[in-house]
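> First, the structure itself, so that you have it in front of you.
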Amino acid sequence: MSDEQEQLDHEQRQQQLDDVSRVVLDAARAAYARRGYVGTTLKGVAAAAGVAPDVMQRYYRNREQLFAAAMRLPFDPATSVAQLLAPGIDGMGERLVRVTLRMLDDPETRDQLAEMVRDGAGASKATASLREFLESAVVDRVVSVLGVPDARMRVSLATSYLVGIAASRYVLQIEPLASATEDEIVALVAPAIQTALTTPTQPTKAQREKG
């Protein structure tokens with residue numbers, strides 16, 4: 001076989017791989033728009049794309065990788081969690097805020113979100129998928145390692161706050177939040193996230209009076 005033929009065969013195989021990946025990612029984005037991140041499975045996406053599950057696994061080993069590719073996220077979830085945890089508890093709120101902001105500060109991710117909205121997903125459904133992903137793939141894992149009490153509540157509070165800020169800034173473009181710098185937002189939001197994740201629960205005034 002000549003070098004030219006080998007190159008042609010390689011290009012054809014690569015085109016086939018690209019075609020399969022495109023169909024899979026289109027099916028995944030449609031599933032996220034209808035069912036959200038938690039309600040979408042690799043098996044379901046494979047079926048919708050007309051791809052065998054074993055073929056699907058050659059491209060995306062788990063649903064986190066699939067979501068990251070479909071939404072064009074600028075980071076790998078597994079690596080991100082390790083980087084968040086490496087410095088310890090101190091500064092965790094700031095790191096989570098920065099990761100969230102940079103996730104949506106990436107033009108490709110914003111474009112993908114906008115495309116989902118144009119295709120009928122609506123801003124609420126599009127951001128709901130992001131919230132579910134951030135909660136289960138990142139924040140939940142961080143909190144489980146920290147070993148704090150009321151972990152489920154803390155994860156829900158932190159994630160809701162983070163995605164609310166990000167959606168208001170990048171999707172709804174509410175001012176002055178949309179024009180604020182990353183550092184300005186971090187300075188205001190990070191302390192609240194740090195408190196939600198790590199501060200021991202204190203009884204309310206009503207609970208103290210009752211006790």
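Please note that chains go A, B, ... in the order of the structure tokens, that every chain numbers its residues from 1, and that ligands are numbered from 1 in the order shown.
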Would you pick out the contacts of Glu184 of chain A at 12 Å or less, using only C-alpha atoms, so that residues sharing its chain but fewer than 6 positions from it are not included, and give the list as a tab-separated table (two decimals) with N, CA and C atoms, in the first residue's frame?

```tsv
chain	number	residue	atom	x	y	z
A	94	GLU	N	-13.05	30.06	47.45
A	94	GLU	CA	-12.52	30.85	46.34
A	94	GLU	C	-12.24	29.98	45.13
A	97	VAL	N	-15.48	29.03	43.35
A	97	VAL	CA	-16.05	30.17	42.62
A	97	VAL	C	-15.29	30.39	41.31
A	98	ARG	N	-13.98	30.35	41.38
A	98	ARG	CA	-13.17	30.57	40.17
A	98	ARG	C	-13.41	29.47	39.14
A	101	LEU	N	-16.85	30.18	37.52
A	101	LEU	CA	-16.82	31.34	36.63
A	101	LEU	C	-16.05	31.03	35.34
A	176	PRO	N	-24.87	44.99	37.66
A	176	PRO	CA	-23.46	45.12	37.24
A	176	PRO	C	-22.67	43.80	37.31
A	177	LEU	N	-23.37	42.70	37.62
A	177	LEU	CA	-22.67	41.41	37.75
A	177	LEU	C	-21.99	41.00	36.45
A	178	ALA	N	-22.66	41.25	35.32
A	178	ALA	CA	-22.12	40.82	34.03
A	178	ALA	C	-20.80	41.51	33.70
A	190	ALA	N	-16.99	34.20	47.48
A	190	ALA	CA	-16.18	33.12	48.06
A	190	ALA	C	-16.40	32.94	49.56
```
> If you run DSSP on this backbone, which residues of segment 21-180 of chain A come out as alpha helix (DSSP H), and could you give them as JSON, numbers by chain?
{"A": [21, 22, 23, 24, 25, 26, 27, 28, 29, 30, 31, 32, 33, 34, 35, 42, 43, 44, 45, 46, 47, 48, 49, 53, 54, 55, 56, 57, 58, 59, 63, 64, 65, 66, 67, 68, 69, 70, 77, 78, 79, 80, 81, 82, 83, 84, 85, 92, 93, 94, 95, 96, 97, 98, 99, 100, 101, 102, 103, 104, 105, 107, 108, 109, 110, 111, 112, 113, 114, 115, 116, 117, 118, 122, 123, 124, 125, 126, 127, 128, 129, 130, 131, 132, 133, 140, 141, 142, 143, 144, 145, 146, 151, 152, 153, 154, 155, 156, 157, 158, 159, 160, 161, 162, 163, 164, 165, 166]}
> Set out as a Markdown table a contact list for segment 65-90 of chain A and segment 35-45 of chain A with a cut-off of 12 Å, giving each residue of segment 65-90 of chain A that qualifies its closest atom pair and distance in Å to one decimal, counting only C-alpha atoms, ordered by chain and rising residue number.

```
| residue | atom | partner | partner_atom | distance |
| --- | --- | --- | --- | --- |
| A:Gln65 | CA | A:Leu42 | CA | 10.3 |
| A:Leu66 | CA | A:Leu42 | CA | 8.0 |
| A:Phe67 | CA | A:Tyr37 | CA | 7.7 |
| A:Ala68 | CA | A:Tyr37 | CA | 10.9 |
| A:Ala70 | CA | A:Tyr37 | CA | 11.1 |
| A:Met71 | CA | A:Tyr37 | CA | 11.1 |
```
> Between A:Leu113, A:Met92, A:Glu135, A:Leu73, which residue has the minimum interatomic distance to Val189 of chain A, considering only C-alpha atoms?
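So, comparing all the options, the nearest one is A:Met92.
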> Calculated over only C-alpha atoms, which of the candidates A:Pro74, A:Thr198, A:Glu108, A:Tyr170 has the smallest distance to Ala151 of chain A?
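Of the candidates, the smallest distance to Ala151 of chain A is held by A:Thr198.
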> Can you work out which one of A:Gln57, A:Ser80, A:Ala28, A:Arg34 has the shortest atom-to-atom distance to Lys125 of chain A, counting only C-alpha atoms?
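That would be A:Arg34, the residue with the smallest distance to Lys125 of chain A.
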> Could you check the closest approach to Glu64 of chain A for each of A:Leu96, A:Leu134, A:Leu85, A:Ala128 and tell me which residue wins, using only C-alpha atoms?
A:Leu134
> In terms of the shortest atom-to-atom distance over only C-alpha atoms, which of A:Gln83, A:Ser168, A:Ser129, A:Gln112 is closest to Asp26 of chain A?
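Between A:Gln83, A:Ser168, A:Ser129, A:Gln112, the residue approaching Asp26 of chain A most closely is A:Gln112.
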> What does the distance between atom CA of Met56 of chain A and atom CA of Ser21 of chain A come to in Å, to one decimal place?
8.7 Å
> Determine, counting only C-alpha atoms, which protein, DNA and RNA residues have an atom within 12 Å of an atom of Ala167 of chain A; residues of the same chain fewer than 3 positions away are not included. Present the result as a PyMOL selection string.
chain A and resi 100-101+103-105+110+113-114+123-131+159-164+170-174+177-178
> Go ahead and write the residues just picked, N, CA and C atoms, as a PDB file, in the first residue's frame.

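Written out: part29.pdb:
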```pdb
ATOM      1  N   THR A 100     -16.101  27.713  38.702  1.00  0.00           N
ATOM      2  CA  THR A 100     -17.439  27.913  38.143  1.00  0.00           C
ATOM      3  C   THR A 100     -17.462  29.069  37.150  1.00  0.00           C
ATOM      4  N   LEU A 101     -16.846  30.181  37.519  1.00  0.00           N
ATOM      5  CA  LEU A 101     -16.817  31.337  36.626  1.00  0.00           C
ATOM      6  C   LEU A 101     -16.054  31.032  35.341  1.00  0.00           C
ATOM      7  N   MET A 103     -15.628  28.192  33.991  1.00  0.00           N
ATOM      8  CA  MET A 103     -16.365  27.218  33.196  1.00  0.00           C
ATOM      9  C   MET A 103     -17.250  27.937  32.188  1.00  0.00           C
ATOM     10  N   LEU A 104     -17.937  28.996  32.646  1.00  0.00           N
ATOM     11  CA  LEU A 104     -18.837  29.724  31.755  1.00  0.00           C
ATOM     12  C   LEU A 104     -18.179  30.933  31.095  1.00  0.00           C
ATOM     13  N   ASP A 105     -16.976  31.246  31.520  1.00  0.00           N
ATOM     14  CA  ASP A 105     -16.255  32.335  30.873  1.00  0.00           C
ATOM     15  C   ASP A 105     -15.659  31.868  29.544  1.00  0.00           C
ATOM     16  N   ARG A 110     -20.102  28.950  26.557  1.00  0.00           N
ATOM     17  CA  ARG A 110     -21.202  29.910  26.474  1.00  0.00           C
ATOM     18  C   ARG A 110     -21.966  29.758  25.165  1.00  0.00           C
ATOM     19  N   LEU A 113     -24.209  26.721  25.438  1.00  0.00           N
ATOM     20  CA  LEU A 113     -25.386  27.025  26.244  1.00  0.00           C
ATOM     21  C   LEU A 113     -26.400  27.841  25.440  1.00  0.00           C
ATOM     22  N   ALA A 114     -25.908  28.843  24.740  1.00  0.00           N
ATOM     23  CA  ALA A 114     -26.785  29.688  23.930  1.00  0.00           C
ATOM     24  C   ALA A 114     -27.472  28.867  22.843  1.00  0.00           C
ATOM     25  N   ALA A 123     -33.381  28.847  29.144  1.00  0.00           N
ATOM     26  CA  ALA A 123     -32.254  29.155  30.028  1.00  0.00           C
ATOM     27  C   ALA A 123     -32.315  28.343  31.311  1.00  0.00           C
ATOM     28  N   SER A 124     -33.512  28.134  31.851  1.00  0.00           N
ATOM     29  CA  SER A 124     -33.627  27.417  33.122  1.00  0.00           C
ATOM     30  C   SER A 124     -33.196  25.959  32.992  1.00  0.00           C
ATOM     31  N   LYS A 125     -33.595  25.303  31.900  1.00  0.00           N
ATOM     32  CA  LYS A 125     -33.212  23.905  31.711  1.00  0.00           C
ATOM     33  C   LYS A 125     -31.727  23.775  31.403  1.00  0.00           C
ATOM     34  N   ALA A 126     -31.211  24.692  30.612  1.00  0.00           N
ATOM     35  CA  ALA A 126     -29.789  24.644  30.269  1.00  0.00           C
ATOM     36  C   ALA A 126     -28.927  24.815  31.513  1.00  0.00           C
ATOM     37  N   THR A 127     -29.268  25.779  32.347  1.00  0.00           N
ATOM     38  CA  THR A 127     -28.478  25.992  33.559  1.00  0.00           C
ATOM     39  C   THR A 127     -28.732  24.912  34.599  1.00  0.00           C
ATOM     40  N   ALA A 128     -29.929  24.281  34.561  1.00  0.00           N
ATOM     41  CA  ALA A 128     -30.209  23.184  35.490  1.00  0.00           C
ATOM     42  C   ALA A 128     -29.263  22.023  35.243  1.00  0.00           C
ATOM     43  N   SER A 129     -28.978  21.740  33.985  1.00  0.00           N
ATOM     44  CA  SER A 129     -28.031  20.669  33.669  1.00  0.00           C
ATOM     45  C   SER A 129     -26.650  21.002  34.200  1.00  0.00           C
ATOM     46  N   LEU A 130     -26.245  22.264  34.074  1.00  0.00           N
ATOM     47  CA  LEU A 130     -24.953  22.688  34.610  1.00  0.00           C
ATOM     48  C   LEU A 130     -24.923  22.544  36.130  1.00  0.00           C
ATOM     49  N   ARG A 131     -26.022  22.915  36.777  1.00  0.00           N
ATOM     50  CA  ARG A 131     -26.082  22.805  38.232  1.00  0.00           C
ATOM     51  C   ARG A 131     -25.958  21.350  38.677  1.00  0.00           C
ATOM     52  N   THR A 159     -23.919  24.791  45.551  1.00  0.00           N
ATOM     53  CA  THR A 159     -24.104  24.657  44.107  1.00  0.00           C
ATOM     54  C   THR A 159     -25.155  25.631  43.589  1.00  0.00           C
ATOM     55  N   SER A 160     -26.258  25.760  44.321  1.00  0.00           N
ATOM     56  CA  SER A 160     -27.313  26.682  43.894  1.00  0.00           C
ATOM     57  C   SER A 160     -26.785  28.113  43.825  1.00  0.00           C
ATOM     58  N   TYR A 161     -25.993  28.483  44.803  1.00  0.00           N
ATOM     59  CA  TYR A 161     -25.428  29.834  44.836  1.00  0.00           C
ATOM     60  C   TYR A 161     -24.453  30.034  43.666  1.00  0.00           C
ATOM     61  N   LEU A 162     -23.568  29.067  43.469  1.00  0.00           N
ATOM     62  CA  LEU A 162     -22.562  29.166  42.417  1.00  0.00           C
ATOM     63  C   LEU A 162     -23.205  29.281  41.034  1.00  0.00           C
ATOM     64  N   VAL A 163     -24.141  28.399  40.753  1.00  0.00           N
ATOM     65  CA  VAL A 163     -24.758  28.403  39.430  1.00  0.00           C
ATOM     66  C   VAL A 163     -25.672  29.620  39.260  1.00  0.00           C
ATOM     67  N   GLY A 164     -26.303  30.055  40.339  1.00  0.00           N
ATOM     68  CA  GLY A 164     -27.108  31.266  40.263  1.00  0.00           C
ATOM     69  C   GLY A 164     -26.276  32.474  39.878  1.00  0.00           C
ATOM     70  N   TYR A 170     -23.537  35.220  33.035  1.00  0.00           N
ATOM     71  CA  TYR A 170     -23.242  34.824  31.667  1.00  0.00           C
ATOM     72  C   TYR A 170     -24.467  34.532  30.803  1.00  0.00           C
ATOM     73  N   VAL A 171     -25.535  34.005  31.403  1.00  0.00           N
ATOM     74  CA  VAL A 171     -26.709  33.656  30.608  1.00  0.00           C
ATOM     75  C   VAL A 171     -27.705  34.812  30.569  1.00  0.00           C
ATOM     76  N   LEU A 172     -28.076  35.319  31.743  1.00  0.00           N
ATOM     77  CA  LEU A 172     -29.026  36.429  31.807  1.00  0.00           C
ATOM     78  C   LEU A 172     -28.354  37.782  31.641  1.00  0.00           C
ATOM     79  N   GLN A 173     -27.046  37.830  31.913  1.00  0.00           N
ATOM     80  CA  GLN A 173     -26.233  39.047  31.754  1.00  0.00           C
ATOM     81  C   GLN A 173     -26.803  40.223  32.537  1.00  0.00           C
ATOM     82  N   ILE A 174     -27.041  39.989  33.805  1.00  0.00           N
ATOM     83  CA  ILE A 174     -27.567  41.014  34.698  1.00  0.00           C
ATOM     84  C   ILE A 174     -26.433  41.925  35.165  1.00  0.00           C
ATOM     85  N   LEU A 177     -23.366  42.697  37.621  1.00  0.00           N
ATOM     86  CA  LEU A 177     -22.673  41.411  37.751  1.00  0.00           C
ATOM     87  C   LEU A 177     -21.993  40.998  36.451  1.00  0.00           C
ATOM     88  N   ALA A 178     -22.663  41.247  35.319  1.00  0.00           N
ATOM     89  CA  ALA A 178     -22.123  40.819  34.033  1.00  0.00           C
ATOM     90  C   ALA A 178     -20.805  41.513  33.702  1.00  0.00           C
TER      91      ALA A 178
END
```
> Could you tell me how far atom CA of Phe75 of chain A lies from atom CA of Arg63 of chain A, in Å and to one decimal?
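Interatomic distance, atom CA of Phe75 of chain A to atom CA of Arg63 of chain A: 14.5 Å.
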